[in-house]
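Peer 1: The structure's right below; bear with me while I get my questions together.
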Amino acid sequence: MTSDAVTPVLAHVDAQLDASVERLMGLLRVPSISTDPAFKADCDKAADWLVEELAELGFDAAKHTTPGHPMVVAHDDEGEGIHVLFYGHYDVQPVDPLNLWNREPFDPAIEDTPKGKVIRGRGAADDKGQLMTFVEACRAWRAVHDDLPIKVSMFFEGEEESGSPSLVPYLKAHAEDLKADIALICDTGMFDPETPAITTALRGLAKLELVITGPNKDLHSGMFGGAARNPAHVLSRVLADLHDEDGACTLEGFYDGVPELSNAQRAQWDNLGFDAEAFLGSVGLSVPAGEKGRSALEMIWSRPTCEVNGMTSGYTGAGFKTVLPSKASAKVSFRLVGTQDPQAVLAAFKAHVAARMPADCSFELLDTEGSSATTMPIENPAFEAARQALSDEWPRPAAFIGCGGSIPVAGHFQNILGMDSMLIGFGNDDDQIHSPNEKYDLTAFHKGIRSWVRVLDALSRL
């Protein structure tokens, strides 16, 4: 349902699209590469640019220094009802290899493509274009109605692409200033170009390197083969035993805390029309692996995984060297869901290895690390209100979806600020983020602004 207040705001967005695009171009021209110290001044410049824009819109905006790049925080407390904190990041990835770009990465332009017009340039989709959809939605509300329909704060960081080293300390130190009823994060994508989505589940991650040692040096396989223990054989057995014949992980207690999909969620995902055959075919595969009886979307969005990411043992150079290796190693990771405990998973893996360690072999686990999954409560009325608002704007109804990867800031908002997040983004799979020739569809930018106008209105009526 759209209120009478929204119609003139949407008309203003349409009439002012060229001006909105030009403002985005101004931000895209700033080479705010956070990981390279040579661009520190440019990160400062991007933060200043945002402070100036937000102050012009009537926000109480300020740049806050950190040991790394600045945070930008802005508040507008004049609205009524729900209070939202909008998050985005103004830093971008490096542009290498430069020779693969078709134009200068920080000389953005509108380009015609077979699929329509796109905004080409580094940061267009990740995350400056997405960030500006919300800023421009607020600008349109202000222009038409003078005030925003709800209380709005904005929080932009400049280190997301370099691991966010300043984020957690900043959140802890400024928790009271940043707390709101709910966070809005625009750093995700659509399900497809016609289907908007709200990401409500982010998988956690546990990872490690396993090193198995047998003899104290590499051995001649003719002299010692058969009589001496081969760590590569031991490693192979350890890894093979991680899954049963139905594709399930065999670690003790691995599925503790893994929820089943609700019937409503399953129906939403079924209605998306996901083509698993095409999905696998695009990478040269044809047969779904993983747990039997589970759909591809389930396995990507709502099920945990146990994966071997790399193995090393013995001689791997050109030609052949008949050695019996002294060591064998593997990098193993687990994507986690629900309330799975990453430390419990790591402990279960250690027990799994120990139970399979024969005489004359020892093992160690290196670089162990774990973070929990993040799940949002879609029973919160704000989620359904936003889903309906998105559905009113796009050709197909919006869906609550999962994400195979991790977006740590959503978990930090939960754990530090006690605040859930709605992850609403308008990127597409072919935006080439982090790669040469990054782009953002002009339609995604335009309808993204319109979408936030509708979401702000919907939240004001809760």
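Ordering of the structure tokens sets the chain letters (A, B, ...), residue numbers begin anew at 1 in every chain, and ligands are numbered from 1 in the order given.
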Just the helix (DSSP H, G or I) stuff from segment 196-318 of chain A, please, per backbone DSSP, written as a PDB file with N, CA and C atoms, in the first residue's frame.

Peer 2:
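Output saved as result_39.pdb:
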```pdb
ATOM      1  N   SER A 221      60.768 -43.121  -1.948  1.00  0.00           N
ATOM      2  CA  SER A 221      59.611 -44.012  -1.925  1.00  0.00           C
ATOM      3  C   SER A 221      59.975 -45.455  -2.261  1.00  0.00           C
ATOM      4  N   GLY A 222      61.118 -45.654  -2.931  1.00  0.00           N
ATOM      5  CA  GLY A 222      61.552 -47.024  -3.191  1.00  0.00           C
ATOM      6  C   GLY A 222      62.162 -47.673  -1.961  1.00  0.00           C
ATOM      7  N   MET A 223      62.855 -46.890  -1.165  1.00  0.00           N
ATOM      8  CA  MET A 223      63.527 -47.408   0.019  1.00  0.00           C
ATOM      9  C   MET A 223      62.576 -47.533   1.214  1.00  0.00           C
ATOM     10  N   PHE A 224      61.593 -46.609   1.318  1.00  0.00           N
ATOM     11  CA  PHE A 224      60.736 -46.574   2.509  1.00  0.00           C
ATOM     12  C   PHE A 224      59.251 -46.831   2.215  1.00  0.00           C
ATOM     13  N   PRO A 231      52.049 -39.344   5.398  1.00  0.00           N
ATOM     14  CA  PRO A 231      51.086 -38.345   5.876  1.00  0.00           C
ATOM     15  C   PRO A 231      50.027 -37.978   4.844  1.00  0.00           C
ATOM     16  N   ALA A 232      50.370 -38.095   3.550  1.00  0.00           N
ATOM     17  CA  ALA A 232      49.379 -37.786   2.518  1.00  0.00           C
ATOM     18  C   ALA A 232      48.219 -38.778   2.566  1.00  0.00           C
ATOM     19  N   HIS A 233      48.532 -40.054   2.839  1.00  0.00           N
ATOM     20  CA  HIS A 233      47.468 -41.051   2.986  1.00  0.00           C
ATOM     21  C   HIS A 233      46.583 -40.722   4.186  1.00  0.00           C
ATOM     22  N   VAL A 234      47.225 -40.345   5.275  1.00  0.00           N
ATOM     23  CA  VAL A 234      46.480 -40.028   6.500  1.00  0.00           C
ATOM     24  C   VAL A 234      45.565 -38.827   6.268  1.00  0.00           C
ATOM     25  N   LEU A 235      46.118 -37.784   5.639  1.00  0.00           N
ATOM     26  CA  LEU A 235      45.318 -36.596   5.348  1.00  0.00           C
ATOM     27  C   LEU A 235      44.120 -36.942   4.469  1.00  0.00           C
ATOM     28  N   SER A 236      44.346 -37.768   3.461  1.00  0.00           N
ATOM     29  CA  SER A 236      43.262 -38.144   2.555  1.00  0.00           C
ATOM     30  C   SER A 236      42.115 -38.812   3.308  1.00  0.00           C
ATOM     31  N   ARG A 237      42.456 -39.683   4.250  1.00  0.00           N
ATOM     32  CA  ARG A 237      41.415 -40.359   5.014  1.00  0.00           C
ATOM     33  C   ARG A 237      40.673 -39.374   5.913  1.00  0.00           C
ATOM     34  N   VAL A 238      41.413 -38.497   6.571  1.00  0.00           N
ATOM     35  CA  VAL A 238      40.785 -37.508   7.455  1.00  0.00           C
ATOM     36  C   VAL A 238      39.777 -36.666   6.680  1.00  0.00           C
ATOM     37  N   LEU A 239      40.173 -36.221   5.503  1.00  0.00           N
ATOM     38  CA  LEU A 239      39.297 -35.364   4.712  1.00  0.00           C
ATOM     39  C   LEU A 239      38.125 -36.135   4.123  1.00  0.00           C
ATOM     40  N   ALA A 240      38.386 -37.342   3.650  1.00  0.00           N
ATOM     41  CA  ALA A 240      37.307 -38.144   3.059  1.00  0.00           C
ATOM     42  C   ALA A 240      36.225 -38.462   4.080  1.00  0.00           C
ATOM     43  N   ASN A 263       7.739 -23.202   6.336  1.00  0.00           N
ATOM     44  CA  ASN A 263       6.977 -23.459   5.110  1.00  0.00           C
ATOM     45  C   ASN A 263       6.825 -22.194   4.278  1.00  0.00           C
ATOM     46  N   ALA A 264       6.609 -21.054   4.960  1.00  0.00           N
ATOM     47  CA  ALA A 264       6.448 -19.791   4.240  1.00  0.00           C
ATOM     48  C   ALA A 264       7.738 -19.405   3.519  1.00  0.00           C
ATOM     49  N   GLN A 265       8.885 -19.582   4.192  1.00  0.00           N
ATOM     50  CA  GLN A 265      10.160 -19.239   3.576  1.00  0.00           C
ATOM     51  C   GLN A 265      10.458 -20.154   2.398  1.00  0.00           C
ATOM     52  N   ARG A 266      10.173 -21.430   2.568  1.00  0.00           N
ATOM     53  CA  ARG A 266      10.403 -22.382   1.475  1.00  0.00           C
ATOM     54  C   ARG A 266       9.543 -22.033   0.260  1.00  0.00           C
ATOM     55  N   ALA A 267       8.300 -21.632   0.509  1.00  0.00           N
ATOM     56  CA  ALA A 267       7.410 -21.270  -0.599  1.00  0.00           C
ATOM     57  C   ALA A 267       7.930 -20.035  -1.325  1.00  0.00           C
ATOM     58  N   GLN A 268       8.427 -19.044  -0.569  1.00  0.00           N
ATOM     59  CA  GLN A 268       9.004 -17.858  -1.209  1.00  0.00           C
ATOM     60  C   GLN A 268      10.162 -18.238  -2.114  1.00  0.00           C
ATOM     61  N   TRP A 269      11.048 -19.092  -1.620  1.00  0.00           N
ATOM     62  CA  TRP A 269      12.216 -19.469  -2.410  1.00  0.00           C
ATOM     63  C   TRP A 269      11.824 -20.292  -3.622  1.00  0.00           C
ATOM     64  N   ASP A 270      10.844 -21.176  -3.461  1.00  0.00           N
ATOM     65  CA  ASP A 270      10.376 -21.966  -4.603  1.00  0.00           C
ATOM     66  C   ASP A 270       9.806 -21.060  -5.688  1.00  0.00           C
ATOM     67  N   ALA A 276      18.803 -24.245 -10.951  1.00  0.00           N
ATOM     68  CA  ALA A 276      20.043 -24.836 -10.442  1.00  0.00           C
ATOM     69  C   ALA A 276      20.921 -25.353 -11.575  1.00  0.00           C
ATOM     70  N   GLU A 277      20.301 -25.878 -12.616  1.00  0.00           N
ATOM     71  CA  GLU A 277      21.081 -26.412 -13.737  1.00  0.00           C
ATOM     72  C   GLU A 277      21.867 -25.309 -14.425  1.00  0.00           C
ATOM     73  N   ALA A 278      21.225 -24.160 -14.641  1.00  0.00           N
ATOM     74  CA  ALA A 278      21.921 -23.027 -15.262  1.00  0.00           C
ATOM     75  C   ALA A 278      22.983 -22.468 -14.324  1.00  0.00           C
ATOM     76  N   PHE A 279      22.672 -22.428 -13.034  1.00  0.00           N
ATOM     77  CA  PHE A 279      23.621 -21.930 -12.035  1.00  0.00           C
ATOM     78  C   PHE A 279      24.908 -22.749 -12.070  1.00  0.00           C
ATOM     79  N   LEU A 280      24.789 -24.067 -12.058  1.00  0.00           N
ATOM     80  CA  LEU A 280      25.966 -24.927 -12.114  1.00  0.00           C
ATOM     81  C   LEU A 280      26.588 -24.935 -13.508  1.00  0.00           C
ATOM     82  N   GLY A 281      25.733 -24.883 -14.523  1.00  0.00           N
ATOM     83  CA  GLY A 281      26.245 -24.892 -15.890  1.00  0.00           C
ATOM     84  C   GLY A 281      27.132 -23.716 -16.201  1.00  0.00           C
ATOM     85  N   ALA A 296      19.354 -26.489  -4.220  1.00  0.00           N
ATOM     86  CA  ALA A 296      20.581 -25.697  -4.331  1.00  0.00           C
ATOM     87  C   ALA A 296      20.487 -24.413  -3.514  1.00  0.00           C
ATOM     88  N   LEU A 297      19.326 -23.739  -3.547  1.00  0.00           N
ATOM     89  CA  LEU A 297      19.187 -22.513  -2.770  1.00  0.00           C
ATOM     90  C   LEU A 297      19.305 -22.784  -1.280  1.00  0.00           C
ATOM     91  N   GLU A 298      18.711 -23.876  -0.813  1.00  0.00           N
ATOM     92  CA  GLU A 298      18.858 -24.237   0.598  1.00  0.00           C
ATOM     93  C   GLU A 298      20.330 -24.383   0.964  1.00  0.00           C
ATOM     94  N   MET A 299      21.071 -25.085   0.133  1.00  0.00           N
ATOM     95  CA  MET A 299      22.475 -25.343   0.461  1.00  0.00           C
ATOM     96  C   MET A 299      23.322 -24.071   0.425  1.00  0.00           C
ATOM     97  N   ILE A 300      22.935 -23.110  -0.413  1.00  0.00           N
ATOM     98  CA  ILE A 300      23.694 -21.862  -0.502  1.00  0.00           C
ATOM     99  C   ILE A 300      23.309 -20.897   0.609  1.00  0.00           C
ATOM    100  N   TRP A 301      22.015 -20.852   0.945  1.00  0.00           N
ATOM    101  CA  TRP A 301      21.523 -19.804   1.837  1.00  0.00           C
ATOM    102  C   TRP A 301      21.273 -20.256   3.274  1.00  0.00           C
TER     103      TRP A 301
END
```

Peer 1: Can you list every residue of segment 17-118 of chain A that has an atom at most 9 Å from segment 158-180 of chain A, with its nearest atom pair and the distance in Å to one decimal, using only C-alpha atoms, ordered by chain then number, as a tab-separated table?

Peer 2:
```
residue	atom	partner	partner_atom	distance
A:Ser32	CA	A:Gly158	CA	8.0
A:Ile33	CA	A:Glu161	CA	8.1
A:Ser34	CA	A:Glu159	CA	5.7
A:Thr35	CA	A:Ser162	CA	5.1
A:Asp36	CA	A:Ser162	CA	9.0
A:Cys43	CA	A:Gly158	CA	6.8
A:Asp44	CA	A:Gly158	CA	8.7
A:Ala46	CA	A:Gly158	CA	8.6
A:Ala47	CA	A:Gly158	CA	7.7
A:Thr66	CA	A:Ser166	CA	6.5
A:Pro67	CA	A:Ser166	CA	6.7
A:Gly68	CA	A:Ser166	CA	6.4
A:His69	CA	A:Gly158	CA	5.4
A:Pro70	CA	A:Gly158	CA	6.2
A:Met71	CA	A:Gly158	CA	6.5
A:Val72	CA	A:Gly158	CA	8.5
A:Val73	CA	A:Leu178	CA	8.3
A:Ile82	CA	A:Ala180	CA	8.2
A:His83	CA	A:Ala180	CA	5.3
A:Val84	CA	A:Ala180	CA	5.5
A:Leu85	CA	A:Ala180	CA	5.9
A:Gly88	CA	A:Glu160	CA	8.9
A:His89	CA	A:Gly158	CA	5.7
A:Tyr90	CA	A:Gly158	CA	5.4
A:Asp91	CA	A:Gly158	CA	4.7
A:Val92	CA	A:Glu161	CA	6.2
A:Gln93	CA	A:Glu161	CA	6.0
```

Peer 1: Just N, CA and C atoms for this one: save the residues we selected as a tab-separated table (two decimals), in the first residue's frame.

Peer 2:
```
chain	number	residue	atom	x	y	z
A	32	SER	N	38.89	6.75	-3.43
A	32	SER	CA	38.99	6.44	-2.01
A	32	SER	C	39.31	4.96	-1.78
A	33	ILE	N	40.49	4.55	-2.18
A	33	ILE	CA	40.96	3.17	-2.01
A	33	ILE	C	41.52	3.02	-0.61
A	34	SER	N	40.83	2.27	0.23
A	34	SER	CA	41.18	2.26	1.65
A	34	SER	C	42.41	1.43	1.97
A	35	THR	N	42.69	0.42	1.18
A	35	THR	CA	43.77	-0.50	1.52
A	35	THR	C	45.16	0.05	1.17
A	36	ASP	N	45.23	1.09	0.35
A	36	ASP	CA	46.51	1.64	-0.11
A	36	ASP	C	46.77	2.97	0.59
A	43	CYS	N	40.54	9.25	0.81
A	43	CYS	CA	39.51	8.74	1.71
A	43	CYS	C	38.97	9.87	2.58
A	44	ASP	N	39.86	10.73	3.07
A	44	ASP	CA	39.43	11.91	3.81
A	44	ASP	C	38.53	12.80	2.95
A	46	ALA	N	36.62	11.91	0.45
A	46	ALA	CA	35.31	11.29	0.27
A	46	ALA	C	34.45	11.49	1.52
A	47	ALA	N	35.05	11.36	2.70
A	47	ALA	CA	34.31	11.59	3.93
A	47	ALA	C	33.83	13.04	4.01
A	66	THR	N	39.57	8.17	13.16
A	66	THR	CA	39.88	6.86	13.74
A	66	THR	C	41.37	6.61	13.50
A	67	PRO	N	41.93	5.53	14.03
A	67	PRO	CA	43.32	5.21	13.68
A	67	PRO	C	43.52	4.96	12.19
A	68	GLY	N	42.43	4.66	11.49
A	68	GLY	CA	42.49	4.45	10.05
A	68	GLY	C	41.79	5.58	9.33
A	69	HIS	N	40.76	5.24	8.55
A	69	HIS	CA	40.03	6.25	7.78
A	69	HIS	C	38.81	6.72	8.57
A	70	PRO	N	38.31	7.92	8.27
A	70	PRO	CA	37.25	8.51	9.10
A	70	PRO	C	35.91	7.79	8.98
A	71	MET	N	35.11	7.93	10.04
A	71	MET	CA	33.70	7.57	10.02
A	71	MET	C	32.89	8.84	9.77
A	72	VAL	N	31.78	8.70	9.06
A	72	VAL	CA	30.85	9.81	8.87
A	72	VAL	C	29.56	9.45	9.58
A	73	VAL	N	29.10	10.31	10.47
A	73	VAL	CA	27.87	10.08	11.22
A	73	VAL	C	26.97	11.30	11.06
A	82	ILE	N	9.53	5.32	14.30
A	82	ILE	CA	10.70	4.46	14.25
A	82	ILE	C	11.96	5.25	13.90
A	83	HIS	N	13.09	4.82	14.46
A	83	HIS	CA	14.38	5.45	14.21
A	83	HIS	C	15.26	4.42	13.49
A	84	VAL	N	15.78	4.77	12.30
A	84	VAL	CA	16.62	3.86	11.55
A	84	VAL	C	18.05	4.39	11.47
A	85	LEU	N	18.99	3.47	11.42
A	85	LEU	CA	20.41	3.80	11.18
A	85	LEU	C	20.78	3.20	9.83
A	88	GLY	N	26.49	2.40	5.11
A	88	GLY	CA	27.14	2.12	3.83
A	88	GLY	C	28.63	2.39	3.99
A	89	HIS	N	29.40	2.16	2.94
A	89	HIS	CA	30.84	2.47	3.02
A	89	HIS	C	31.27	3.24	1.78
A	90	TYR	N	32.12	4.22	2.00
A	90	TYR	CA	32.56	5.09	0.91
A	90	TYR	C	33.89	4.67	0.32
A	91	ASP	N	34.57	3.68	0.93
A	91	ASP	CA	35.86	3.24	0.38
A	91	ASP	C	35.62	2.21	-0.72
A	92	VAL	N	36.63	2.03	-1.56
A	92	VAL	CA	36.51	1.13	-2.71
A	92	VAL	C	37.74	0.23	-2.80
A	93	GLN	N	37.61	-0.78	-3.64
A	93	GLN	CA	38.70	-1.71	-3.89
A	93	GLN	C	39.76	-1.07	-4.81
```

Peer 1: What's the separation between atom CA of Tyr440 of chain A and atom CA of Lys128 of chain A, in Å to one decimal place?

Peer 2: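 Separation of atom CA of Tyr440 of chain A and atom CA of Lys128 of chain A: 9.8 Å.
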
Peer 1: When you draw a straight line from atom CA of Met311 of chain A to atom CA of Ala355 of chain A, how long is it in Å?

Peer 2: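 Rounded to one decimal, the two atoms are 20.3 Å apart.
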
Peer 1: Residues near Gly204 of chain A, anyone? I mean within 12 Å using only C-alpha atoms, not counting same-chain ones fewer than 3 positions away, as an MDAnalysis selection string.

Peer 2: chainID A and resid 201 207 258 301:305 333:343 345 369:375 402:408 410:411

Peer 1: Could you write out that same residue set with C-alpha atoms as a short mmCIF file (atom, residue, chain, number, x, y, z; two decimals), in the first residue's frame?

Peer 2:
```cif
data_model
loop_
_atom_site.label_atom_id
_atom_site.label_comp_id
_atom_site.auth_asym_id
_atom_site.auth_seq_id
_atom_site.Cartn_x
_atom_site.Cartn_y
_atom_site.Cartn_z
CA ALA A 201 20.47 -14.67 7.01
CA LYS A 207 38.51 -21.95 9.22
CA VAL A 258 20.90 -25.51 12.39
CA TRP A 301 21.52 -19.80 1.84
CA SER A 302 20.42 -21.88 4.83
CA ARG A 303 22.63 -24.94 5.26
CA PRO A 304 26.13 -25.17 6.74
CA THR A 305 29.07 -26.40 4.68
CA SER A 333 36.56 -23.99 6.15
CA PHE A 334 33.00 -24.22 7.42
CA ARG A 335 30.16 -21.87 6.52
CA LEU A 336 27.85 -21.72 9.52
CA VAL A 337 24.15 -20.96 9.94
CA GLY A 338 21.61 -20.44 12.71
CA THR A 339 23.18 -20.68 16.16
CA GLN A 340 26.06 -22.98 15.27
CA ASP A 341 29.01 -22.33 17.58
CA PRO A 342 32.22 -21.84 15.55
CA GLN A 343 34.42 -22.86 18.50
CA VAL A 345 32.82 -26.84 15.25
CA GLU A 369 39.37 -18.55 13.39
CA GLY A 370 35.60 -18.44 13.74
CA SER A 371 32.62 -16.10 13.62
CA SER A 372 28.94 -16.89 14.13
CA ALA A 373 26.13 -16.61 11.61
CA THR A 374 23.72 -13.68 11.72
CA THR A 375 19.98 -14.26 11.46
CA GLY A 402 19.84 -15.83 2.57
CA CYS A 403 23.41 -15.04 1.67
CA GLY A 404 26.16 -17.57 1.19
CA GLY A 405 28.82 -15.18 2.41
CA SER A 406 29.28 -12.98 5.44
CA ILE A 407 28.68 -9.27 6.09
CA PRO A 408 30.31 -8.72 9.50
CA ALA A 410 25.32 -6.85 10.55
CA GLY A 411 26.60 -9.12 13.31
#
```

Peer 1: Give me, as a PyMOL selection string, all polymer residues having an atom no more than 9 Å from segment 382-391 of chain A, counting only C-alpha atoms and skipping those fewer than 5 positions away in the same chain.

Peer 2: chain A and resi 1-2+182+195-198+377+396-400+422+451-459+461-462

Peer 1: Please provide as a list in words all residues within 8 Å of segment 139-141 of chain A, with the sequence filter that same-chain residues fewer than 3 positions apart are discarded (counting only C-alpha atoms).

Peer 2: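 Surrounding residues, per the criterion: Val9, Leu10, His12, Val13, Leu57, Val135, Glu136, Val144, His145, Asp146, Asp147, Leu148, Pro149 and Val453 of chain A.
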
Peer 1: I need the residues from that last selection saved to file as a short mmCIF file (atom, residue, chain, number, x, y, z; two decimals), in the first residue's frame (with C-alpha atoms), if you can.

Peer 2:
```cif
data_model
loop_
_atom_site.label_atom_id
_atom_site.label_comp_id
_atom_site.auth_asym_id
_atom_site.auth_seq_id
_atom_site.Cartn_x
_atom_site.Cartn_y
_atom_site.Cartn_z
CA VAL A 9 8.16 12.22 -3.80
CA LEU A 10 8.45 9.53 -6.47
CA HIS A 12 10.43 14.33 -7.76
CA VAL A 13 12.88 11.41 -7.90
CA LEU A 57 20.20 18.15 3.45
CA VAL A 135 20.84 9.76 0.42
CA GLU A 136 18.91 10.73 -2.71
CA VAL A 144 8.70 17.70 -1.27
CA HIS A 145 7.70 17.58 2.40
CA ASP A 146 10.49 19.55 4.17
CA ASP A 147 10.84 16.77 6.78
CA LEU A 148 11.65 13.07 6.67
CA PRO A 149 8.80 10.72 7.64
CA VAL A 453 11.28 6.38 -0.67
#
```

Peer 1: When you count only C-alpha atoms, which of these residues is closest to Met357 of chain A: A:Asn230, A:Ser295, A:Asn216, A:Ser326?

Peer 2: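 For Met357 of chain A, the nearest of the candidates is A:Asn230.
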
Peer 1: Find the residues near Leu442 of chain A: any atom within 10 Å, counting only C-alpha atoms, skip ones fewer than 5 places away on the same chain, and give them as a PyMOL selection string.

Peer 2: chain A and resi 17+21+110-112+116-120+129+447-448

Peer 1: So which one's closest to Ala62 of chain A, A:His434, A:Met154, A:Arg23, A:Trp101? Using only C-alpha atoms, please.

Peer 2: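 Comparing A:His434, A:Met154, A:Arg23, A:Trp101 against Ala62 of chain A, the winner is A:Met154.
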
Peer 1: Smallest atom-to-atom distance to Met190 of chain A: which of A:Leu210, A:Ala125, A:Glu104, A:Arg356, using only C-alpha atoms?

Peer 2: A:Ala125

Peer 1: Would you give me, as a count of residues only, the residues in segment 385-457 of chain A that DSSP reads as strand (DSSP E)?

Peer 2: 12
